[in-house]
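Asker: structure38.pdb is the file, holding PDB, C-alpha atoms:
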```
ATOM      1  CA  MET E  10      82.876 120.261 142.781
ATOM      2  CA  LYS E  11      79.906 119.426 140.561
ATOM      3  CA  LEU E  12      79.085 116.122 138.858
ATOM      4  CA  LEU E  13      77.074 116.309 135.636
ATOM      5  CA  SER E  14      75.773 113.139 134.000
ATOM      6  CA  GLY E  15      75.063 112.747 130.323
ATOM      7  CA  THR E  16      72.513 110.153 129.191
ATOM      8  CA  SER E  17      74.971 107.484 127.993
ATOM      9  CA  ASN E  18      75.559 105.803 131.367
ATOM     10  CA  ARG E  19      73.483 107.213 134.208
ATOM     11  CA  PRO E  20      73.872 104.087 136.433
ATOM     12  CA  LEU E  21      77.660 104.552 136.450
ATOM     13  CA  ALA E  22      77.288 108.301 137.089
ATOM     14  CA  ARG E  23      75.002 107.600 140.065
ATOM     15  CA  ALA E  24      77.471 105.027 141.421
ATOM     16  CA  ILE E  25      80.302 107.575 141.170
ATOM     17  CA  ALA E  26      78.133 110.164 142.918
ATOM     18  CA  ASP E  27      77.408 107.666 145.710
ATOM     19  CA  TYR E  28      81.135 106.952 146.117
ATOM     20  CA  LEU E  29      81.879 110.682 146.411
ATOM     21  CA  ASP E  30      78.774 111.348 148.520
ATOM     22  CA  ALA E  31      77.918 114.176 146.124
ATOM     23  CA  PRO E  32      74.648 114.706 144.236
ATOM     24  CA  LEU E  33      74.440 114.816 140.467
ATOM     25  CA  THR E  34      73.895 118.313 139.106
ATOM     26  CA  ALA E  35      70.319 118.948 137.971
ATOM     27  CA  SER E  36      70.086 119.254 134.198
ATOM     28  CA  GLU E  37      67.794 118.706 131.248
ATOM     29  CA  ILE E  38      69.007 116.853 128.151
ATOM     30  CA  GLU E  39      66.462 116.461 125.380
ATOM     31  CA  SER E  40      66.325 115.665 121.681
ATOM     32  CA  PHE E  41      64.144 117.596 119.249
ATOM     33  CA  ALA E  42      62.110 115.783 116.606
ATOM     34  CA  ASP E  43      64.875 116.236 114.030
ATOM     35  CA  GLY E  44      67.520 114.753 116.345
ATOM     36  CA  GLU E  45      69.084 118.010 117.557
ATOM     37  CA  ILE E  46      70.225 117.858 121.194
ATOM     38  CA  PHE E  47      69.290 120.495 123.751
ATOM     39  CA  VAL E  48      70.983 120.876 127.146
ATOM     40  CA  ARG E  49      70.112 123.113 130.090
ATOM     41  CA  ILE E  50      72.019 123.162 133.392
ATOM     42  CA  ASP E  51      69.494 123.764 136.172
ATOM     43  CA  GLU E  52      72.017 124.765 138.866
ATOM     44  CA  ASN E  53      74.503 127.587 139.267
ATOM     45  CA  VAL E  54      77.975 126.351 138.191
ATOM     46  CA  ARG E  55      79.807 129.690 138.069
ATOM     47  CA  GLY E  56      83.342 129.204 139.386
ATOM     48  CA  GLU E  57      82.785 125.486 139.981
ATOM     49  CA  ASP E  58      84.998 122.490 139.158
ATOM     50  CA  VAL E  59      82.656 120.420 136.961
ATOM     51  CA  PHE E  60      83.049 116.785 135.873
ATOM     52  CA  ILE E  61      80.910 115.598 132.946
ATOM     53  CA  ILE E  62      80.431 111.799 133.026
ATOM     54  CA  GLN E  63      79.681 110.572 129.522
ATOM     55  CA  SER E  64      80.825 107.500 127.583
ATOM     56  CA  THR E  65      80.802 107.968 123.819
ATOM     57  CA  SER E  66      79.256 104.534 123.284
ATOM     58  CA  CYS E  67      76.364 103.456 121.054
ATOM     59  CA  PRO E  68      74.855 105.607 119.607
ATOM     60  CA  ALA E  69      78.371 107.050 119.503
ATOM     61  CA  ASN E  70      77.613 110.161 117.480
ATOM     62  CA  ASP E  71      74.648 111.200 119.641
ATOM     63  CA  HIS E  72      76.576 110.702 122.863
ATOM     64  CA  LEU E  73      79.640 112.521 121.526
ATOM     65  CA  MET E  74      77.525 115.478 120.420
ATOM     66  CA  GLU E  75      75.801 115.503 123.810
ATOM     67  CA  LEU E  76      79.206 115.688 125.530
ATOM     68  CA  LEU E  77      80.267 118.619 123.343
ATOM     69  CA  ILE E  78      77.021 120.522 123.940
ATOM     70  CA  CYS E  79      77.184 119.925 127.713
ATOM     71  CA  THR E  80      80.731 121.284 127.694
ATOM     72  CA  ASP E  81      79.701 124.368 125.735
ATOM     73  CA  ALA E  82      76.808 124.977 128.127
ATOM     74  CA  LEU E  83      79.222 124.868 131.083
ATOM     75  CA  VAL E  84      81.692 127.205 129.381
ATOM     76  CA  ARG E  85      78.924 129.745 128.780
ATOM     77  CA  ALA E  86      77.783 129.301 132.405
ATOM     78  CA  SER E  87      81.296 130.329 133.584
ATOM     79  CA  ALA E  88      82.401 127.030 135.123
ATOM     80  CA  ARG E  89      85.960 127.400 136.448
ATOM     81  CA  ARG E  90      87.273 124.046 135.183
ATOM     82  CA  ILE E  91      85.606 121.353 133.076
ATOM     83  CA  THR E  92      86.780 117.733 133.086
ATOM     84  CA  ALA E  93      85.331 115.326 130.529
ATOM     85  CA  VAL E  94      85.092 111.946 132.271
ATOM     86  CA  ILE E  95      84.838 109.487 129.372
ATOM     87  CA  PRO E  96      84.848 105.912 130.723
ATOM     88  CA  TYR E  97      84.697 104.564 127.161
ATOM     89  CA  PHE E  98      86.289 106.702 124.456
ATOM     90  CA  GLY E  99      84.554 105.932 121.155
ATOM     91  CA  TYR E 100      86.428 106.171 117.835
ATOM     92  CA  ALA E 101      89.586 105.001 119.672
ATOM     93  CA  ARG E 102      90.055 102.154 117.186
ATOM     94  CA  GLN E 103      90.496 104.707 114.391
ATOM     95  CA  ASP E 104      93.838 105.880 115.777
ATOM     96  CA  ARG E 105      95.894 105.722 112.549
ATOM     97  CA  LYS E 106      95.550 105.712 108.773
ATOM     98  CA  THR E 107      94.768 102.166 107.674
ATOM     99  CA  GLY E 108      94.959 102.959 103.962
ATOM    100  CA  GLY E 109      94.900 105.717 101.431
ATOM    101  CA  ARG E 110      92.411 108.561 101.936
ATOM    102  CA  THR E 111      91.250 107.338 105.376
ATOM    103  CA  PRO E 112      90.816 109.529 108.484
ATOM    104  CA  ILE E 113      92.372 109.441 111.937
ATOM    105  CA  SER E 114      89.038 109.885 113.659
ATOM    106  CA  ALA E 115      90.385 109.519 117.201
ATOM    107  CA  LYS E 116      92.446 112.675 116.687
ATOM    108  CA  LEU E 117      89.452 114.518 115.233
ATOM    109  CA  VAL E 118      87.318 113.610 118.265
ATOM    110  CA  ALA E 119      90.112 114.684 120.627
ATOM    111  CA  ASN E 120      90.239 118.066 118.849
ATOM    112  CA  LEU E 121      86.456 118.465 119.126
ATOM    113  CA  ILE E 122      86.498 117.793 122.874
ATOM    114  CA  ALA E 123      89.326 120.259 123.490
ATOM    115  CA  LYS E 124      87.829 122.947 121.239
ATOM    116  CA  SER E 125      84.425 122.639 122.921
ATOM    117  CA  GLY E 126      86.015 123.970 126.111
ATOM    118  CA  ALA E 127      87.065 120.935 128.170
ATOM    119  CA  ASP E 128      90.113 121.634 130.344
ATOM    120  CA  ARG E 129      91.109 118.016 130.896
ATOM    121  CA  VAL E 130      90.043 114.446 130.138
ATOM    122  CA  LEU E 131      89.735 111.397 132.379
ATOM    123  CA  THR E 132      89.254 108.007 130.725
ATOM    124  CA  ILE E 133      89.930 104.300 131.223
ATOM    125  CA  ASP E 134      91.870 101.837 129.059
ATOM    126  CA  LEU E 135      92.266 103.716 125.807
ATOM    127  CA  HIS E 136      92.519 101.284 122.898
ATOM    128  CA  ALA E 137      95.989 102.672 122.171
ATOM    129  CA  GLY E 138      97.999 104.559 124.783
ATOM    130  CA  GLN E 139      99.296 107.083 122.258
ATOM    131  CA  ILE E 140      95.782 108.526 121.931
ATOM    132  CA  GLN E 141      96.657 110.506 125.068
ATOM    133  CA  GLY E 142      98.951 112.512 122.804
ATOM    134  CA  PHE E 143      96.050 113.369 120.494
ATOM    135  CA  PHE E 144      94.678 115.686 123.173
ATOM    136  CA  ASP E 145      96.129 119.168 123.618
ATOM    137  CA  ILE E 146      94.825 119.221 127.193
ATOM    138  CA  PRO E 147      95.874 117.117 130.235
ATOM    139  CA  THR E 148      94.599 113.544 129.873
ATOM    140  CA  ASP E 149      94.597 110.784 132.495
ATOM    141  CA  ASN E 150      94.235 107.253 131.130
ATOM    142  CA  LEU E 151      93.409 104.956 134.047
ATOM    143  CA  PHE E 152      93.595 101.162 133.900
ATOM    144  CA  ALA E 153      90.972  98.679 135.061
ATOM    145  CA  THR E 154      93.689  96.033 135.550
ATOM    146  CA  LYS E 155      93.677  96.282 139.366
ATOM    147  CA  VAL E 156      89.886  95.904 139.523
ATOM    148  CA  ILE E 157      90.160  92.834 137.296
ATOM    149  CA  GLU E 158      93.093  91.408 139.268
ATOM    150  CA  ASP E 159      91.109  91.614 142.515
ATOM    151  CA  ASP E 160      88.169  89.765 140.945
ATOM    152  CA  ILE E 161      90.403  87.021 139.517
ATOM    153  CA  ARG E 162      92.087  86.460 142.895
ATOM    154  CA  ARG E 163      88.678  86.078 144.562
ATOM    155  CA  ARG E 164      87.429  83.512 142.040
ATOM    156  CA  TYR E 165      90.421  81.548 140.734
ATOM    157  CA  ASP E 166      93.366  79.524 141.942
ATOM    158  CA  VAL E 167      96.106  81.663 140.398
ATOM    159  CA  GLU E 168      98.617  78.804 140.531
ATOM    160  CA  ASN E 169      97.254  77.206 137.345
ATOM    161  CA  LEU E 170      96.256  80.343 135.439
ATOM    162  CA  MET E 171      97.480  81.400 132.008
ATOM    163  CA  ILE E 172      96.762  84.966 130.883
ATOM    164  CA  VAL E 173      96.151  85.054 127.145
ATOM    165  CA  SER E 174      96.346  88.022 124.800
ATOM    166  CA  PRO E 175      93.788  87.592 121.980
ATOM    167  CA  ASP E 176      96.204  89.249 119.537
ATOM    168  CA  VAL E 177      99.801  90.411 119.270
ATOM    169  CA  GLY E 178      98.796  94.048 119.855
ATOM    170  CA  GLY E 179      97.472  93.268 123.338
ATOM    171  CA  VAL E 180     100.631  91.605 124.674
ATOM    172  CA  VAL E 181     101.662  94.592 126.819
ATOM    173  CA  ARG E 182      98.204  94.676 128.413
ATOM    174  CA  ALA E 183      98.231  90.914 129.090
ATOM    175  CA  ARG E 184     101.760  91.029 130.492
ATOM    176  CA  ALA E 185     100.757  93.754 132.968
ATOM    177  CA  LEU E 186      97.939  91.594 134.365
ATOM    178  CA  ALA E 187     100.118  88.475 134.366
ATOM    179  CA  LYS E 188     102.798  90.322 136.340
ATOM    180  CA  LEU E 189     100.266  91.290 139.031
ATOM    181  CA  LEU E 190      99.107  87.675 139.281
ATOM    182  CA  ASP E 191     102.594  86.186 138.887
ATOM    183  CA  ALA E 192     101.232  84.124 135.980
ATOM    184  CA  GLU E 193     102.516  83.127 132.543
ATOM    185  CA  ILE E 194     101.161  84.499 129.278
ATOM    186  CA  ALA E 195     100.200  83.074 125.902
ATOM    187  CA  ILE E 196      99.326  84.840 122.658
ATOM    188  CA  VAL E 197      96.690  84.131 120.032
ATOM    189  CA  ASP E 198      98.120  84.705 116.558
ATOM    190  CA  LYS E 199      95.200  85.891 114.461
ATOM    191  CA  ARG E 200      94.563  87.703 111.220
ATOM    192  CA  ARG E 201      91.694  90.032 110.384
ATOM    193  CA  PRO E 202      90.577  89.699 106.734
ATOM    194  CA  LYS E 203      88.184  92.637 107.185
ATOM    195  CA  ALA E 204      86.760  94.821 109.955
ATOM    196  CA  GLY E 205      84.785  92.800 112.506
ATOM    197  CA  VAL E 206      86.062  89.426 111.252
ATOM    198  CA  SER E 207      89.001  87.513 112.771
ATOM    199  CA  GLU E 208      90.622  84.130 112.159
ATOM    200  CA  VAL E 209      92.915  82.329 114.622
ATOM    201  CA  MET E 210      96.115  81.105 112.981
ATOM    202  CA  ASN E 211      98.163  79.768 115.907
ATOM    203  CA  ILE E 212      98.580  79.720 119.704
ATOM    204  CA  ILE E 213     101.937  80.940 120.999
ATOM    205  CA  GLY E 214     102.636  79.319 124.382
ATOM    206  CA  ASP E 215     101.889  76.019 126.111
ATOM    207  CA  VAL E 216      98.317  76.123 127.461
ATOM    208  CA  ASP E 217      97.879  72.360 127.861
ATOM    209  CA  GLY E 218      96.112  71.626 131.158
ATOM    210  CA  ARG E 219      95.842  75.316 132.102
ATOM    211  CA  ARG E 220      92.886  77.519 132.985
ATOM    212  CA  CYS E 221      93.100  80.365 130.486
ATOM    213  CA  ILE E 222      91.887  83.933 130.888
ATOM    214  CA  LEU E 223      91.654  86.034 127.746
ATOM    215  CA  PHE E 224      92.309  89.687 128.530
ATOM    216  CA  ASP E 225      91.444  92.567 126.188
ATOM    217  CA  ASP E 226      90.276  96.181 126.265
ATOM    218  CA  ILE E 227      87.222  95.943 123.978
ATOM    219  CA  CYS E 228      84.719  93.227 123.116
ATOM    220  CA  ASP E 229      82.641  94.342 120.129
ATOM    221  CA  SER E 230      80.949  91.499 118.259
ATOM    222  CA  GLY E 231      82.604  88.837 120.437
ATOM    223  CA  GLY E 232      83.972  86.915 117.439
ATOM    224  CA  THR E 233      87.622  87.270 118.443
ATOM    225  CA  LEU E 234      87.057  85.940 121.983
ATOM    226  CA  CYS E 235      84.816  83.072 120.865
ATOM    227  CA  ASN E 236      87.269  81.954 118.161
ATOM    228  CA  ALA E 237      90.184  82.244 120.582
ATOM    229  CA  ALA E 238      88.352  80.133 123.180
ATOM    230  CA  ASP E 239      87.761  77.376 120.622
ATOM    231  CA  ALA E 240      91.416  77.432 119.565
ATOM    232  CA  LEU E 241      92.689  77.293 123.164
ATOM    233  CA  LEU E 242      90.485  74.331 124.063
ATOM    234  CA  LYS E 243      91.648  72.464 120.968
ATOM    235  CA  VAL E 244      95.268  72.650 122.143
ATOM    236  CA  GLY E 245      94.524  71.403 125.648
ATOM    237  CA  ALA E 246      93.244  74.289 127.790
ATOM    238  CA  VAL E 247      90.989  73.065 130.629
ATOM    239  CA  GLU E 248      88.625  76.068 130.477
ATOM    240  CA  VAL E 249      88.598  79.569 129.029
ATOM    241  CA  SER E 250      87.149  82.771 130.503
ATOM    242  CA  ALA E 251      87.559  86.362 129.315
ATOM    243  CA  TYR E 252      87.978  89.711 131.035
ATOM    244  CA  VAL E 253      87.380  92.879 129.009
ATOM    245  CA  THR E 254      87.218  96.505 130.113
ATOM    246  CA  HIS E 255      84.708  97.821 127.565
ATOM    247  CA  GLY E 256      81.759  95.614 126.629
ATOM    248  CA  VAL E 257      80.529  97.179 123.381
ATOM    249  CA  LEU E 258      78.644  93.912 122.658
ATOM    250  CA  SER E 259      77.188  94.821 119.274
ATOM    251  CA  ASN E 260      75.403  92.604 116.733
ATOM    252  CA  ASP E 261      73.989  90.115 119.249
ATOM    253  CA  ALA E 262      77.393  89.569 120.848
ATOM    254  CA  GLN E 263      75.765  88.271 124.037
ATOM    255  CA  GLY E 264      73.909  85.613 122.089
ATOM    256  CA  ARG E 265      77.157  84.604 120.398
ATOM    257  CA  ILE E 266      78.925  84.400 123.772
ATOM    258  CA  ALA E 267      76.071  82.382 125.296
ATOM    259  CA  ASN E 268      76.568  79.713 122.615
ATOM    260  CA  SER E 269      80.378  79.781 122.766
ATOM    261  CA  ALA E 270      82.952  77.690 124.626
ATOM    262  CA  LEU E 271      83.673  80.602 126.989
ATOM    263  CA  LYS E 272      82.949  79.846 130.638
ATOM    264  CA  GLU E 273      82.132  83.526 131.223
ATOM    265  CA  LEU E 274      82.844  87.029 129.970
ATOM    266  CA  VAL E 275      83.533  89.645 132.637
ATOM    267  CA  ILE E 276      83.223  93.304 131.628
ATOM    268  CA  THR E 277      83.158  96.610 133.505
ATOM    269  CA  ASP E 278      80.262  99.071 133.617
ATOM    270  CA  SER E 279      82.076 101.645 131.447
ATOM    271  CA  ILE E 280      79.246 101.085 128.935
ATOM    272  CA  THR E 281      75.651 100.617 130.022
ATOM    273  CA  GLU E 282      73.585  97.667 128.799
ATOM    274  CA  LEU E 283      71.746  98.301 125.537
ATOM    275  CA  GLU E 284      67.965  98.175 125.699
ATOM    276  CA  GLY E 285      66.543  95.139 123.951
ATOM    277  CA  ALA E 286      69.939  93.395 123.752
ATOM    278  CA  THR E 287      70.077  89.655 124.348
ATOM    279  CA  GLN E 288      71.030  88.919 127.959
ATOM    280  CA  THR E 289      73.045  85.905 129.090
ATOM    281  CA  LYS E 290      74.230  84.697 132.492
ATOM    282  CA  LYS E 291      77.676  84.212 130.971
ATOM    283  CA  VAL E 292      78.253  87.989 131.006
ATOM    284  CA  ARG E 293      79.103  89.514 134.391
ATOM    285  CA  ARG E 294      79.881  93.151 135.259
ATOM    286  CA  LEU E 295      82.443  94.738 137.556
ATOM    287  CA  SER E 296      82.080  98.334 138.735
ATOM    288  CA  ILE E 297      84.762 100.915 137.977
ATOM    289  CA  ALA E 298      82.851 103.608 139.902
ATOM    290  CA  PRO E 299      85.272 103.546 142.888
ATOM    291  CA  LEU E 300      88.267 103.905 140.542
ATOM    292  CA  LEU E 301      86.756 106.829 138.647
ATOM    293  CA  GLY E 302      85.357 108.361 141.826
ATOM    294  CA  GLU E 303      88.755 108.326 143.526
ATOM    295  CA  ALA E 304      90.390 109.870 140.438
ATOM    296  CA  ILE E 305      87.745 112.613 140.371
ATOM    297  CA  ARG E 306      88.271 113.295 144.083
ATOM    298  CA  ARG E 307      92.029 113.595 143.587
ATOM    299  CA  ILE E 308      91.696 115.893 140.575
ATOM    300  CA  ALA E 309      89.235 118.130 142.425
ATOM    301  CA  ASN E 310      91.603 118.359 145.404
ATOM    302  CA  ASP E 311      94.699 118.833 143.198
ATOM    303  CA  GLU E 312      96.189 115.595 144.529
ATOM    304  CA  SER E 313      98.302 113.067 142.662
ATOM    305  CA  VAL E 314      96.430 110.764 140.305
ATOM    306  CA  SER E 315      99.551 108.739 139.503
ATOM    307  CA  LYS E 316      99.104 106.750 142.743
ATOM    308  CA  LEU E 317      96.129 105.058 141.079
ATOM    309  CA  PHE E 318      98.496 103.564 138.508
ATOM    310  CA  ASP E 319     100.616 101.763 141.156
TER     311      ASP E 319
END
```
Would you kindly transcribe this structure into structure tokens?
Answerer:
Amino acid sequence: MKLLSGTSNRPLARAIADYLDAPLTASEIESFADGEIFVRIDENVRGEDVFIIQSTSCPANDHLMELLICTDALVRASARRITAVIPYFGYARQDRKTGGRTPISAKLVANLIAKSGADRVLTIDLHAGQIQGFFDIPTDNLFATKVIEDDIRRRYDVENLMIVSPDVGGVVRARALAKLLDAEIAIVDKRRPKAGVSEVMNIIGDVDGRRCILFDDICDSGGTLCNAADALLKVGAVEVSAYVTHGVLSNDAQGRIANSALKELVITDSITELEGATQTKKVRRLSIAPLLGEAIRRIANDESVSKLFD
């Protein structure tokens, strides 16, 4: 087994390597002056089972292209099997036509990854579960719910918790966490006038006197979570925190969260922190390296991965 890290999230790749007690494969990844990406694998990978660890996060296009070029380099180096480990799958929110003459970019990206030579994909918390069907190669979509459940149990009295879905589309996700915690759920009824803008219309469920935890897969600008926190407090919630798998945190999201009514935002390390981004003590990170590392170990040994979903 070989572990190859792209440049999108080297801290997570190193943490996975530490969990597996395996070194990262030596490689060179450079950009030419015109932006072209060059990759060279500095170790023999012929006949090896290789896992490329690369989130397609900001800058999404550069990191996606890097993943494709790394895969092509491994194919031409005669790797036996190539698994694209994509902790955060970019373009996942473009999973359907939203109007006339619009693309389904998630399907296009899935085709590119498969055509580049990847034999399988390992990811966490796809924005929509049906994206698994966009791939024509085996795809394992893990869930960070258990990691989040463990953290909540360590820090909260679960007797007075209310798990809140920030929109109707996330109800299944919220219900899964609530079931693990034996908690009730509430739903934020919102509308989105345009991309990146949301307005809370109503709160479905009685949150009066409860400690609320918003649970979602992606936090981009942070507007949805901040607006939801305000709405929950107005109808009687004692405090509001948020747990999110993928902290995209664009457009000074951390600054927005720092000035919001949220007690804290907890994210995983599926996406590395952006250089120069505003930092706030309200944002805390959980590691998904053990989860990904165990999945990689099982895939390499041809063991069941489904046990990680229990």
Asker: With the PyMOL selection byres ((chain E and resi 88) around 10) as the selection, what would be picked from this file? Answer as a PDB file with C-alpha atoms, in the coordinates of the input, please.
Answerer:
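Just written: part16.pdb:
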```
ATOM      1  CA  LYS E  11      79.906 119.426 140.561  1.00  0.00           C
ATOM      2  CA  ASN E  53      74.503 127.587 139.267  1.00  0.00           C
ATOM      3  CA  VAL E  54      77.975 126.351 138.191  1.00  0.00           C
ATOM      4  CA  ARG E  55      79.807 129.690 138.069  1.00  0.00           C
ATOM      5  CA  GLY E  56      83.342 129.204 139.386  1.00  0.00           C
ATOM      6  CA  GLU E  57      82.785 125.486 139.981  1.00  0.00           C
ATOM      7  CA  ASP E  58      84.998 122.490 139.158  1.00  0.00           C
ATOM      8  CA  VAL E  59      82.656 120.420 136.961  1.00  0.00           C
ATOM      9  CA  THR E  80      80.731 121.284 127.694  1.00  0.00           C
ATOM     10  CA  ALA E  82      76.808 124.977 128.127  1.00  0.00           C
ATOM     11  CA  LEU E  83      79.222 124.868 131.083  1.00  0.00           C
ATOM     12  CA  VAL E  84      81.692 127.205 129.381  1.00  0.00           C
ATOM     13  CA  ARG E  85      78.924 129.745 128.780  1.00  0.00           C
ATOM     14  CA  ALA E  86      77.783 129.301 132.405  1.00  0.00           C
ATOM     15  CA  SER E  87      81.296 130.329 133.584  1.00  0.00           C
ATOM     16  CA  ARG E  89      85.960 127.400 136.448  1.00  0.00           C
ATOM     17  CA  ARG E  90      87.273 124.046 135.183  1.00  0.00           C
ATOM     18  CA  ILE E  91      85.606 121.353 133.076  1.00  0.00           C
TER      19      ILE E  91
END
```
Asker: As a check of understanding, name the residues that the PyMOL selection byres ((chain E and resi 308-310) around 12) selects in the supplied structure, as a ChimeraX atom specification.
Answerer: /E:10-12,29,57-60,89-94,128-131,147-149,301-307,311-317
Asker: Starting from the displayed file, determine the output of the PyMOL selection byres ((chain E and resi 252-254) around 8) and express the residue list as number ranges by chain.
Answerer: E: 134, 153, 157, 222-228, 250-251, 255-256, 274-277, 279
Asker: Find the residue from E:Leu283, E:Val181, E:Leu121, E:Ala24 that sits nearest to Gln263 (chain E); use all atoms listed in the file when measuring.
Answerer: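 Closest candidate: E:Leu283.
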Asker: Would you kindly return, as a list in words, each protein, DNA or RNA residue with an atom no farther than 6 Å from any atom of region 259-262 of chain E, considering only C-alpha atoms and excluding same-chain residues fewer than 3 positions away?
Answerer: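 Selected residues are Asp229, Ser230, Gly231 and Arg265 of chain E.
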Asker: Padding of 3 Å on every side, edges along x, y and z, all listed atoms of region 146-163 of chain E included: what centre and edge lengths in Å, to one decimal, does that box have, as lines of an AutoDock Vina configuration file?
Answerer:
```
center_x = 92.0
center_y = 102.6
center_z = 135.9
size_x = 13.7
size_y = 39.1
size_z = 23.4
```
Asker: May I ask which of the residues E:Thr132, E:Gln288, E:Asn268, E:Gln141 is the closest one to Ala115 (chain E), counting all atoms listed in the file?
Answerer: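 Checking each candidate against Ala115 (chain E), we get E:Gln141 as the closest.
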Asker: Using all atoms listed in the file, find the one residue out of E:Leu189, E:Ala267, E:Val257, E:Ala137 that sits nearest to Ser64 (chain E).
Answerer: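 Nearest to Ser64 (chain E): E:Val257.
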Asker: Grab the CA of Phe152 (chain E) to CA of Ser296 (chain E) distance for me, in Å with one decimal place.
Answerer: 12.8 Å
